[in-house]
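S.K.: Here it is: the structure, laid out below.
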Amino acid sequence: MSDRTDRVRGPLAPSTGVQRPLGIDDVEIEGGPFGRWQRINREAGIPLGLEQMERSGAVPNLRLAAGEGEGSFQGFRFQDSDLYKQLEAVAWEHGRLPGDGYRAFASETAALLARAQRPDGYLNSHYQMVKPDKIWTELEYSHEMYCAGHLIQAAVAAARAGLGEELMAVARRFADLLVQRFLVDGDDAIDGHAEVETALVELYRHTGQGSYLELARKLIDNRGRGLIAETGLGPLYAQDHLPVREADTAAGHAVRQLYLEAGVVDVAVETGDETLLACSVRRWEDLVATKTAITGGHGSRHDGEAFGERYELPPDRAYNESCAAIASIHWNWRLLLATGHGRYADLIERTLYNAFAASTSADGVRFFYVNPLQRRADLFEDAYLGRRREWFACACCPPNIMRLVASLGHYVATTDDDGLSVHQYVPGTIRAGGITLAVETDYPWDGRVRFTVRDTPGGEWTLKLRVPAWSAPGELIPDADGYAGIRRDWRTGDTFTLDLDMTPRLVLPHRKIDALRGCAAIERGPLVYCFEQIDQDGELDDLALTPDAQLRAVERDLPGIGRTVLIEADAVRLPPAPPDGLPYGTAPPESLPAPTTAVAVPYYQWDNRDGGVMRVWTPLA
Ligand SMILES: [Zn+2]
């Protein structure tokens with residue numbers, strides 16, 4: 001194990017790259033939305049998750065597999081993965097701030113997993129209990145490698161966060177079995193749900209065992225060669241339609257594609273494979289330009305939880321699974337470390353503050369699986385399109401959210417040989433390479449970020465600050481990567497102030513996005529706004545924004561939400577149009593618009609007050 005891997009107490013420790021990540025304990029987040037999310041994750045989210053590990057069957061299933069429990073298997077064939085993600089969340093939370101019971105939970109669960117694991121290393125409670133004769137025979141939908149991947153990620157987290165090596169021993173036995181069967185013995189099968197690839201590379205980084213990396217590379221090169229049996233959903237669903245190096249657009253199940261991309265970048269970085277990295281960048285550019293919601297969300301179709309076609313971005317039917325936002329952040333973080341390009345940090349910011357943050361209620365105990373950009377009054381699909389829910393039968397999202405929130409500190413700043421780069425602006429302290437930097441800010445409510453050097457190793461170094469693409473260039477001119485570098489012989493006590501432009505913006509969609517034509521949205525800083533019925537004078541769906549609308553930021557403390565900045569926008573109210581035959585005609589409906597004010601709230605704070613109508617995209621008058 002290299003020195004460097006030892007030092008990075010975070011989810012990712014690549015051995016090369018333009019930027020080097022920090023550990024979760026190198027960055028202390030003290031306030032702001034990130035601080036609030038971490039606090040409620042600790043106080044409310046993780047305790048709820050731990051309770052659900054029993055109630056949902058995840059832990060009882062493993063007791064059955066260990067020959068210790070009564071009853072029958074509960075849940076989906078990938079139920080084990082909920083527990084692994086929950087373990088990972090607990091591990092990062094412990095690494096950030098040790099807590100009562102975390103060590104006991106991790107150690108008891110690792111012991112249970114060791115007892116449930118077969119002598120050959122195989123571990124999957126569903127297949128062991130329900131379909132022992134089908135092990136490894138239905139990989140197109142079995143999720144066996146997918147679950148192994150989440151186990152490996154949890155084990156890496158536990159080891160790096162100081163929760164011991166017990167889980168690592170279980171994970172390595174399983175990983176060694178995968179290597180034996182799918183690399184050494186030459187079985188060319190792959191899992192229908194990509195995930196294990198990125199996990200295997202991290203296990204290689206953590207242990208130095210090259211066969212884990214080799215297996216990850218083989219699994220990536222095997223995809224797109226028709227090795228996944230037909231499931232009725234078609235090869236596109238699992239990205240098996242084209243070899244990874246040949247595909248030029250993200251397609252099929254969004255979460256699968258995005259986890260796959262994380263693994264692709266990991267393998268490319270560790271093997272120095274420039275063409276493999278280039279194919280992922282090519283798909284990124286296409287995806288961002290044509291298939292990304294304004295919130296950073298991905299997946300336009302409920303059918304197959306899939307990306308749509310280029311420019312198919314309906315606000316009401318948008319799927320934007322919470323897990324897709326998380327997977328996108330994983331992918332973009334890998335690309336940022338590999339290339340140093342700020343466009344990836346820009347998209348991480350957009351996704352974190354919007355698609356991702358909206359997944360969780362202000363009190364931290366209710367979650368969205370699907371994150372649309374519009375909610376109509378009918379709500380007939382209220383299972384997933386209604387209000388946030390405490391848990392789900394298919395609960396992939398809540399523990400995934402918890403593991404990312406617990407490890408948010410990892411995504412704030414990086415180092416290189418030249419100094420320190422700050423990618424996300426949060427109040428707190430950053431420590432790296434002998435530098436201690438205090439950050440004071442009220443971001444994202446305010447655009448001023450003040451940095452104070454508390455400690456420095458001496459000599460010149462560069463403080464690199466991301467200048468978000470949405471901010472009008474001020475005194476600081478960013479370089480081609482989107483960063484402004486301040487190189488100095490920094491002394492303890494030196495300060496620097498960054499001022500980002502927080503003027504609210506009226507944003508228009510690309511003309512090819514048919515579903516949004518004639519509409520506009522509002523952004524301020526990194527936040528996308530939406531209109532909720534509760535804040536409007538009159539029916540929300542009768543409002544239209546004026547094209548030259550004046551936008552005014554107003555600070556508020558709202559019940560159910562807490563602190564926020566609302567945007568008041570000049571608008572007009574159209575008279576109600578009662579149904580009268582078909583909703584079409586040869587002349588535009590007569591209307592006498594009356595001036596009014598529409599009030600917008602940050603999208604991530606929606607659905608915390610009532611279950612009313614919401615829209616991000618609003619017609620222009
Ligand atoms: Zn999910």
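Here, A, B, ... name the chains of the structure tokens in the order displayed, residue numbers run from 1 inside each chain, and ligands are numbered from 1 in the same displayed order.
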Counting only C-alpha atoms and all ligand atoms, what are the residues, protein, DNA or RNA alike, that approach ligand 1 to within 6 Å? I want them as a compact mmCIF listing (two decimals) with N, CA, C and O atoms, in the first residue's frame.
M.R.:
# COMPACT_ATOMS: atom_id res chain seq x y z
N GLU A 321 -33.51 10.28 -11.30
CA GLU A 321 -33.39 9.50 -10.06
C GLU A 321 -32.30 10.07 -9.17
O GLU A 321 -31.23 10.49 -9.64
N SER A 322 -32.55 10.07 -7.88
CA SER A 322 -31.56 10.59 -6.93
C SER A 322 -30.22 9.87 -7.10
O SER A 322 -29.15 10.48 -7.02
N CYS A 323 -30.26 8.55 -7.33
CA CYS A 323 -29.02 7.79 -7.52
C CYS A 323 -28.26 8.25 -8.76
O CYS A 323 -27.03 8.14 -8.81
N TYR A 369 -37.27 9.58 -4.82
CA TYR A 369 -36.59 8.65 -5.72
C TYR A 369 -36.49 9.33 -7.10
O TYR A 369 -35.46 9.29 -7.75
N CYS A 396 -32.80 2.00 -3.13
CA CYS A 396 -31.43 2.30 -3.56
C CYS A 396 -31.01 3.72 -3.17
O CYS A 396 -29.84 3.96 -2.87
N CYS A 397 -31.99 4.66 -3.20
CA CYS A 397 -31.60 6.07 -3.05
C CYS A 397 -31.23 6.50 -1.63
O CYS A 397 -30.16 7.11 -1.45
S.K.: Among region 462-557 of chain A, which ones does DSSP assign to helix (DSSP H, G or I) (computed from the backbone)? Answer as a compact mmCIF listing (two decimals) with N, CA, C and O atoms, in the first residue's frame.
M.R.:
# COMPACT_ATOMS: atom_id res chain seq x y z
N ASP A 514 -38.03 20.71 -27.19
CA ASP A 514 -39.42 21.04 -27.50
C ASP A 514 -40.27 21.23 -26.26
O ASP A 514 -41.13 22.09 -26.20
N ALA A 515 -40.03 20.39 -25.25
CA ALA A 515 -40.88 20.41 -24.07
C ALA A 515 -40.75 21.71 -23.28
O ALA A 515 -41.59 21.98 -22.42
N LEU A 516 -39.71 22.48 -23.54
CA LEU A 516 -39.49 23.70 -22.75
C LEU A 516 -39.63 24.97 -23.59
O LEU A 516 -39.41 26.07 -23.09
N GLN A 533 -47.00 26.57 -5.52
CA GLN A 533 -48.32 27.20 -5.42
C GLN A 533 -48.46 28.02 -4.12
O GLN A 533 -49.01 29.11 -4.13
N ILE A 534 -47.93 27.52 -3.05
CA ILE A 534 -48.13 28.13 -1.73
C ILE A 534 -47.63 29.59 -1.68
O ILE A 534 -48.12 30.39 -0.89
N ASP A 535 -46.68 29.95 -2.53
CA ASP A 535 -46.12 31.30 -2.48
C ASP A 535 -46.81 32.27 -3.43
O ASP A 535 -46.42 33.45 -3.49
N LEU A 540 -50.89 29.11 -9.75
CA LEU A 540 -49.54 29.10 -10.33
C LEU A 540 -49.58 28.86 -11.83
O LEU A 540 -48.86 29.48 -12.60
N ASP A 541 -50.47 27.94 -12.25
CA ASP A 541 -50.48 27.59 -13.67
C ASP A 541 -51.08 28.68 -14.56
O ASP A 541 -51.06 28.56 -15.78
N ASP A 542 -51.59 29.75 -13.96
CA ASP A 542 -52.06 30.89 -14.75
C ASP A 542 -51.01 31.99 -14.84
O ASP A 542 -51.26 33.05 -15.41
S.K.: Give me the residues within 9 Å of region 228-234 of chain A as a PDB file with N, CA, C and O atoms, in the first residue's frame, counting only C-alpha atoms and dropping any in the same chain fewer than 2 places off.
M.R.:
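Saved the output as out36.pdb:
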ATOM      1  N   GLU A 138     -27.596 -15.955 -13.916  1.00  0.00           N
ATOM      2  CA  GLU A 138     -28.523 -14.967 -14.480  1.00  0.00           C
ATOM      3  C   GLU A 138     -28.002 -13.559 -14.203  1.00  0.00           C
ATOM      4  O   GLU A 138     -28.717 -12.693 -13.711  1.00  0.00           O
ATOM      5  N   LEU A 139     -26.747 -13.362 -14.567  1.00  0.00           N
ATOM      6  CA  LEU A 139     -26.080 -12.083 -14.298  1.00  0.00           C
ATOM      7  C   LEU A 139     -26.731 -10.904 -15.011  1.00  0.00           C
ATOM      8  O   LEU A 139     -26.501  -9.756 -14.635  1.00  0.00           O
ATOM      9  N   GLU A 140     -27.556 -11.190 -16.022  1.00  0.00           N
ATOM     10  CA  GLU A 140     -28.198 -10.078 -16.721  1.00  0.00           C
ATOM     11  C   GLU A 140     -29.074  -9.273 -15.763  1.00  0.00           C
ATOM     12  O   GLU A 140     -29.244  -8.080 -15.937  1.00  0.00           O
ATOM     13  N   TYR A 141     -29.655  -9.925 -14.766  1.00  0.00           N
ATOM     14  CA  TYR A 141     -30.437  -9.142 -13.805  1.00  0.00           C
ATOM     15  C   TYR A 141     -30.170  -9.497 -12.339  1.00  0.00           C
ATOM     16  O   TYR A 141     -30.831  -9.016 -11.437  1.00  0.00           O
ATOM     17  N   ALA A 189     -18.546 -13.515 -18.538  1.00  0.00           N
ATOM     18  CA  ALA A 189     -19.818 -12.874 -18.189  1.00  0.00           C
ATOM     19  C   ALA A 189     -19.583 -11.476 -17.601  1.00  0.00           C
ATOM     20  O   ALA A 189     -18.502 -11.174 -17.093  1.00  0.00           O
ATOM     21  N   ILE A 190     -20.586 -10.621 -17.697  1.00  0.00           N
ATOM     22  CA  ILE A 190     -20.557  -9.337 -16.981  1.00  0.00           C
ATOM     23  C   ILE A 190     -21.913  -9.123 -16.311  1.00  0.00           C
ATOM     24  O   ILE A 190     -22.897  -9.750 -16.683  1.00  0.00           O
ATOM     25  N   ASP A 191     -21.941  -8.226 -15.348  1.00  0.00           N
ATOM     26  CA  ASP A 191     -23.180  -7.945 -14.607  1.00  0.00           C
ATOM     27  C   ASP A 191     -24.034  -6.967 -15.402  1.00  0.00           C
ATOM     28  O   ASP A 191     -23.506  -6.022 -15.991  1.00  0.00           O
ATOM     29  N   GLY A 192     -25.346  -7.182 -15.385  1.00  0.00           N
ATOM     30  CA  GLY A 192     -26.246  -6.261 -16.077  1.00  0.00           C
ATOM     31  C   GLY A 192     -26.210  -4.854 -15.520  1.00  0.00           C
ATOM     32  O   GLY A 192     -26.546  -3.900 -16.215  1.00  0.00           O
ATOM     33  N   ARG A 223     -18.138  -5.238 -22.051  1.00  0.00           N
ATOM     34  CA  ARG A 223     -19.491  -4.680 -22.212  1.00  0.00           C
ATOM     35  C   ARG A 223     -19.686  -4.243 -23.665  1.00  0.00           C
ATOM     36  O   ARG A 223     -18.771  -3.738 -24.300  1.00  0.00           O
ATOM     37  N   GLY A 224     -20.871  -4.463 -24.162  1.00  0.00           N
ATOM     38  CA  GLY A 224     -21.148  -4.079 -25.554  1.00  0.00           C
ATOM     39  C   GLY A 224     -20.793  -5.167 -26.540  1.00  0.00           C
ATOM     40  O   GLY A 224     -20.698  -4.908 -27.736  1.00  0.00           O
ATOM     41  N   ARG A 225     -20.583  -6.377 -26.045  1.00  0.00           N
ATOM     42  CA  ARG A 225     -20.235  -7.484 -26.945  1.00  0.00           C
ATOM     43  C   ARG A 225     -21.289  -8.590 -26.903  1.00  0.00           C
ATOM     44  O   ARG A 225     -21.010  -9.737 -27.250  1.00  0.00           O
ATOM     45  N   GLY A 226     -22.480  -8.240 -26.441  1.00  0.00           N
ATOM     46  CA  GLY A 226     -23.573  -9.206 -26.470  1.00  0.00           C
ATOM     47  C   GLY A 226     -23.437 -10.317 -25.450  1.00  0.00           C
ATOM     48  O   GLY A 226     -24.002 -11.396 -25.616  1.00  0.00           O
ATOM     49  N   LEU A 236     -29.575  -2.048 -24.883  1.00  0.00           N
ATOM     50  CA  LEU A 236     -29.309  -0.652 -24.541  1.00  0.00           C
ATOM     51  C   LEU A 236     -29.471  -0.406 -23.042  1.00  0.00           C
ATOM     52  O   LEU A 236     -28.736   0.381 -22.441  1.00  0.00           O
ATOM     53  N   TYR A 237     -30.464  -1.082 -22.457  1.00  0.00           N
ATOM     54  CA  TYR A 237     -30.793  -0.897 -21.040  1.00  0.00           C
ATOM     55  C   TYR A 237     -29.552  -1.019 -20.163  1.00  0.00           C
ATOM     56  O   TYR A 237     -29.369  -0.264 -19.204  1.00  0.00           O
ATOM     57  N   ALA A 238     -28.687  -2.011 -20.481  1.00  0.00           N
ATOM     58  CA  ALA A 238     -27.507  -2.264 -19.658  1.00  0.00           C
ATOM     59  C   ALA A 238     -26.211  -1.863 -20.373  1.00  0.00           C
ATOM     60  O   ALA A 238     -25.137  -2.353 -20.048  1.00  0.00           O
ATOM     61  N   ASP A 240     -25.136  -2.607 -23.228  1.00  0.00           N
ATOM     62  CA  ASP A 240     -24.488  -3.731 -23.901  1.00  0.00           C
ATOM     63  C   ASP A 240     -24.701  -3.647 -25.416  1.00  0.00           C
ATOM     64  O   ASP A 240     -24.478  -4.610 -26.135  1.00  0.00           O
ATOM     65  N   HIS A 241     -25.111  -2.483 -25.908  1.00  0.00           N
ATOM     66  CA  HIS A 241     -25.441  -2.319 -27.323  1.00  0.00           C
ATOM     67  C   HIS A 241     -24.209  -2.023 -28.172  1.00  0.00           C
ATOM     68  O   HIS A 241     -24.197  -2.292 -29.362  1.00  0.00           O
ATOM     69  N   GLY A 304     -37.869   2.218 -18.198  1.00  0.00           N
ATOM     70  CA  GLY A 304     -36.465   1.798 -18.211  1.00  0.00           C
ATOM     71  C   GLY A 304     -35.545   2.708 -17.411  1.00  0.00           C
ATOM     72  O   GLY A 304     -34.325   2.562 -17.487  1.00  0.00           O
TER      73      GLY A 304
END
S.K.: Please list as number ranges by chain every residue within 6 Å of region 258-270 of chain A, counting only C-alpha atoms and excluding residues in the same chain fewer than 6 positions away.
M.R.: A: 194-195, 197-198, 276-277, 327-328, 331
S.K.: Just write the chosen residues, all heavy atoms, as a CSV table (one decimal), in the first residue's frame.
M.R.:
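Printed below is again.csv as written:
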chain,number,residue,atom,x,y,z
A,194,ALA,N,-23.7,-2.2,-14.1
A,194,ALA,CA,-22.4,-1.7,-13.8
A,194,ALA,C,-22.3,-1.1,-12.4
A,194,ALA,O,-23.2,-0.5,-12.0
A,194,ALA,CB,-21.9,-0.7,-14.8
A,195,GLU,N,-21.2,-1.4,-11.7
A,195,GLU,CA,-20.9,-0.7,-10.4
A,195,GLU,C,-19.7,-1.3,-9.9
A,195,GLU,O,-18.8,-0.6,-9.3
A,195,GLU,CB,-22.1,-1.0,-9.4
A,195,GLU,CG,-22.2,0.1,-8.3
A,195,GLU,CD,-21.2,0.0,-7.2
A,195,GLU,OE1,-20.6,-1.1,-7.0
A,195,GLU,OE2,-20.9,1.1,-6.6
A,197,GLU,N,-17.1,-2.2,-11.3
A,197,GLU,CA,-15.8,-1.8,-12.0
A,197,GLU,C,-15.1,-0.7,-11.1
A,197,GLU,O,-13.9,-0.9,-10.8
A,197,GLU,CB,-16.1,-1.3,-13.4
A,197,GLU,CG,-16.8,-2.3,-14.3
A,197,GLU,CD,-18.3,-2.5,-14.1
A,197,GLU,OE1,-18.9,-1.8,-13.3
A,197,GLU,OE2,-18.9,-3.3,-14.9
A,198,THR,N,-15.8,0.3,-10.8
A,198,THR,CA,-15.2,1.4,-10.0
A,198,THR,C,-14.8,0.9,-8.6
A,198,THR,O,-13.7,1.3,-8.1
A,198,THR,CB,-16.2,2.6,-9.9
A,198,THR,OG1,-15.5,3.7,-9.3
A,198,THR,CG2,-17.5,2.3,-9.2
A,276,LEU,N,-9.4,5.4,-23.7
A,276,LEU,CA,-10.5,5.0,-22.9
A,276,LEU,C,-11.0,6.3,-22.1
A,276,LEU,O,-12.2,6.5,-22.1
A,276,LEU,CB,-10.1,4.0,-21.8
A,276,LEU,CG,-11.2,3.3,-21.0
A,276,LEU,CD1,-12.2,2.6,-21.9
A,276,LEU,CD2,-10.6,2.3,-20.0
A,277,LEU,N,-10.1,7.1,-21.7
A,277,LEU,CA,-10.5,8.4,-21.0
A,277,LEU,C,-11.3,9.3,-22.0
A,277,LEU,O,-12.3,9.8,-21.7
A,277,LEU,CB,-9.3,9.1,-20.5
A,277,LEU,CG,-9.6,10.4,-19.7
A,277,LEU,CD1,-10.5,10.2,-18.5
A,277,LEU,CD2,-8.3,11.1,-19.3
A,327,ALA,N,-24.4,9.3,-8.9
A,327,ALA,CA,-23.5,8.6,-9.8
A,327,ALA,C,-22.8,9.7,-10.7
A,327,ALA,O,-21.6,9.5,-11.1
A,327,ALA,CB,-24.2,7.6,-10.7
A,328,SER,N,-23.5,10.7,-11.1
A,328,SER,CA,-23.0,11.8,-11.9
A,328,SER,C,-21.9,12.5,-11.2
A,328,SER,O,-20.8,12.8,-11.7
A,328,SER,CB,-24.1,12.7,-12.4
A,328,SER,OG,-23.5,13.9,-12.9
A,331,TRP,N,-18.8,10.4,-11.2
A,331,TRP,CA,-18.1,10.4,-12.5
A,331,TRP,C,-17.4,11.8,-12.7
A,331,TRP,O,-16.2,11.8,-13.1
A,331,TRP,CB,-19.1,10.2,-13.6
A,331,TRP,CG,-18.6,10.2,-15.0
A,331,TRP,CD1,-17.4,10.0,-15.4
A,331,TRP,CD2,-19.4,10.6,-16.1
A,331,TRP,NE1,-17.3,10.1,-16.8
A,331,TRP,CE2,-18.6,10.5,-17.3
A,331,TRP,CE3,-20.8,10.9,-16.4
A,331,TRP,CZ2,-19.0,10.7,-18.6
A,331,TRP,CZ3,-21.2,11.1,-17.6
A,331,TRP,CH2,-20.3,11.0,-18.7
S.K.: Might you pull out every residue within 8 Å of Ala549 (chain A), with only C-alpha atoms counted and same-chain residues fewer than 6 positions away left off, and present them as a ChimeraX atom specification?
M.R.: /A:569-571
S.K.: Using only C-alpha atoms, which of the listed residues (A:Thr415, A:Gly67, A:Val156, A:Phe34) sits closest to Glu349 (chain A)?
M.R.: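 For Glu349 (chain A), the nearest of the given residues is A:Phe34.
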S.K.: Run DSSP on the backbone and tell me which residues of region 331-536 of chain A come out as strand (DSSP E or B); list them as a ChimeraX atom specification.
M.R.: /A:360,367,374-375,389,413-416,419-422,428-432,435-441,448-455,461-466,483-488,495-499,505-507,519-524,527-532
S.K.: I'd like the neighbourhood of Lys218 (chain A) as a PDB file with all heavy atoms, in the first residue's frame, where a residue qualifies if any of its atoms comes within 9 Å (using only C-alpha atoms), though same-chain residues fewer than 5 positions away should be ignored.
M.R.:
ATOM      1  N   PHE A 182     -13.873 -14.872 -13.032  1.00  0.00           N
ATOM      2  CA  PHE A 182     -14.107 -14.037 -14.223  1.00  0.00           C
ATOM      3  C   PHE A 182     -12.812 -13.533 -14.870  1.00  0.00           C
ATOM      4  O   PHE A 182     -12.857 -12.976 -15.942  1.00  0.00           O
ATOM      5  CB  PHE A 182     -15.043 -12.878 -13.872  1.00  0.00           C
ATOM      6  CG  PHE A 182     -16.392 -13.348 -13.418  1.00  0.00           C
ATOM      7  CD1 PHE A 182     -16.749 -13.338 -12.074  1.00  0.00           C
ATOM      8  CD2 PHE A 182     -17.298 -13.857 -14.342  1.00  0.00           C
ATOM      9  CE1 PHE A 182     -17.994 -13.809 -11.663  1.00  0.00           C
ATOM     10  CE2 PHE A 182     -18.540 -14.321 -13.942  1.00  0.00           C
ATOM     11  CZ  PHE A 182     -18.891 -14.306 -12.596  1.00  0.00           C
ATOM     12  N   LEU A 183     -11.670 -13.744 -14.201  1.00  0.00           N
ATOM     13  CA  LEU A 183     -10.407 -13.342 -14.834  1.00  0.00           C
ATOM     14  C   LEU A 183      -9.530 -14.573 -15.082  1.00  0.00           C
ATOM     15  O   LEU A 183      -9.239 -14.915 -16.221  1.00  0.00           O
ATOM     16  CB  LEU A 183      -9.674 -12.325 -13.934  1.00  0.00           C
ATOM     17  CG  LEU A 183      -8.413 -11.718 -14.523  1.00  0.00           C
ATOM     18  CD1 LEU A 183      -8.740 -10.791 -15.685  1.00  0.00           C
ATOM     19  CD2 LEU A 183      -7.640 -10.941 -13.455  1.00  0.00           C
ATOM     20  N   ASP A 188     -16.435 -15.127 -19.320  1.00  0.00           N
ATOM     21  CA  ASP A 188     -16.565 -13.795 -19.908  1.00  0.00           C
ATOM     22  C   ASP A 188     -17.872 -13.079 -19.562  1.00  0.00           C
ATOM     23  O   ASP A 188     -18.251 -12.139 -20.245  1.00  0.00           O
ATOM     24  CB  ASP A 188     -16.434 -13.892 -21.432  1.00  0.00           C
ATOM     25  CG  ASP A 188     -14.977 -13.781 -21.850  1.00  0.00           C
ATOM     26  OD1 ASP A 188     -14.177 -13.240 -21.065  1.00  0.00           O
ATOM     27  OD2 ASP A 188     -14.650 -14.245 -22.952  1.00  0.00           O
ATOM     28  N   LEU A 213      -7.645  -4.551 -10.650  1.00  0.00           N
ATOM     29  CA  LEU A 213      -7.668  -3.586 -11.759  1.00  0.00           C
ATOM     30  C   LEU A 213      -7.844  -4.306 -13.095  1.00  0.00           C
ATOM     31  O   LEU A 213      -8.612  -3.877 -13.952  1.00  0.00           O
ATOM     32  CB  LEU A 213      -6.372  -2.771 -11.750  1.00  0.00           C
ATOM     33  CG  LEU A 213      -6.167  -1.797 -12.920  1.00  0.00           C
ATOM     34  CD1 LEU A 213      -7.261  -0.743 -12.967  1.00  0.00           C
ATOM     35  CD2 LEU A 213      -4.794  -1.122 -12.818  1.00  0.00           C
ATOM     36  N   ARG A 223     -18.138  -5.238 -22.051  1.00  0.00           N
ATOM     37  CA  ARG A 223     -19.491  -4.680 -22.212  1.00  0.00           C
ATOM     38  C   ARG A 223     -19.686  -4.243 -23.665  1.00  0.00           C
ATOM     39  O   ARG A 223     -18.771  -3.738 -24.300  1.00  0.00           O
ATOM     40  CB  ARG A 223     -19.691  -3.502 -21.250  1.00  0.00           C
ATOM     41  CG  ARG A 223     -21.146  -3.102 -21.069  1.00  0.00           C
ATOM     42  CD  ARG A 223     -21.330  -2.184 -19.876  1.00  0.00           C
ATOM     43  NE  ARG A 223     -21.143  -2.876 -18.607  1.00  0.00           N
ATOM     44  CZ  ARG A 223     -22.123  -3.478 -17.916  1.00  0.00           C
ATOM     45  NH1 ARG A 223     -23.363  -3.448 -18.366  1.00  0.00           N
ATOM     46  NH2 ARG A 223     -21.853  -4.083 -16.781  1.00  0.00           N
TER      47      ARG A 223
END
S.K.: Neighbours of region 97-109 of chain A within 8 Å (only C-alpha atoms; same-chain residues fewer than 2 positions away dropped), as a list in words?
M.R.: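 Non-adjacent residues within range: Leu87, Val90, Ala91, Glu93, His94, Gly95, Ala111, Leu112, Leu113, Ala158, Leu163, Glu166 and Leu167 of chain A.
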